[in-house]
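Inspection log for the structure reproduced underneath, given as structure tokens.
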2 protein chains.
Amino acid sequence: MLIKQLHEIRRSDRNVRDKGWESSRLLLAEDGMGFSFHITTLEAGGEWTFHYQHHLEAVFVLSGEGSVEDLATGERHELRPGTLYALDQHDRHTLRAGTKLVTACVFNPPVTGDEVHDETGAYRPAVLPA
Amino acid sequence: MLIKQLHEIRRSDRNVRDKGWESSRLLLAEDGMGFSFHITTLEAGGEWTFHYQHHLEAVFVLSGEGSVEDLATGERHELRPGTLYALDQHDRHTLRAGTKLVTACVFNPPVTGDEVHDETGAYRPAVLPA
């Protein structure tokens, strides 16, 4: 059994900050669960375009409000506590935080922690230990 | 892109109640994400022994307090908001809710929605569509 504490992850190298967002990776590939689990906080007023070509991701909104736009269809969905969106088609999307947004995110395959968002908004493919 | 609303799931057949707990399955196997995602609420004072022999599960505490006991080692871990436990060894465990507990749960492989907890505390294996 693994036990992780968010307040400890926040002080560790599993806490990643980038432009207007912060992600605390409670579970990564090395934990062997077959998915990763992150608490991600997005600053009010922010807008980000992501395209996870190598991962499926689900995002559940814990607090705050915003929207997610599916860039293939132009559809825009409101986000509020209790909304989940799932990028089941590796959907390229724009996320907007009207207020500070706190989310729980699950990635399959799991993020290793070594990825960076590249110029297309993707995480580079995870290189798993052999 | 899939959009799910917790308040809608709660009124659907993806909402399951059993002895002292209620699970709202926002993502199931049929959603094609490779994991399932549930918001599970456990009643104050409850105690449950589970043994997911066929699944790995991670549980993140959103609100409330309780404990989880690893029945292989006897270790008991306090649960509070921000704690995650992961059953990476299919760990047989006893979950106790000191107060009402609200959790986000991820299962790999994904729950299909047709499982039941059997007499050993396991979910029977998911039978996935061919």
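Every chain in the structure tokens takes a letter, A first, then B, and so on in the order presented; its residues are numbered from 1, and the ligands are numbered from 1 following the presented order.
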Within 8 Å of chain A, which residues of chain B are there when counting only C-alpha atoms? Please give them as a count of residues only. 27
Alpha helix (DSSP H) call set, DSSP backbone run, region 1-128 of chain A, as a compact mmCIF listing (two decimals) with N, CA, C and O atoms, in the first residue's frame:
```txt
# COMPACT_ATOMS: atom_id res chain seq x y z
N LEU A 6 -0.73 15.20 0.06
CA LEU A 6 -0.63 16.33 -0.87
C LEU A 6 0.34 17.40 -0.33
O LEU A 6 1.16 17.93 -1.08
N HIS A 7 0.29 17.69 0.96
CA HIS A 7 1.14 18.77 1.49
C HIS A 7 2.62 18.38 1.42
O HIS A 7 3.49 19.25 1.29
N GLU A 8 2.92 17.09 1.44
CA GLU A 8 4.32 16.66 1.29
C GLU A 8 4.74 16.69 -0.19
O GLU A 8 5.86 17.11 -0.51
N ILE A 9 3.83 16.25 -1.06
CA ILE A 9 4.13 16.29 -2.51
C ILE A 9 4.43 17.72 -2.94
O ILE A 9 5.32 17.97 -3.75
```
Run DSSP on the backbone and give me the residues of region 60-92 of chain A it puts in strand (DSSP E), as a PyMOL selection string. chain A and resi 60-63+66-70+76-79+83-87
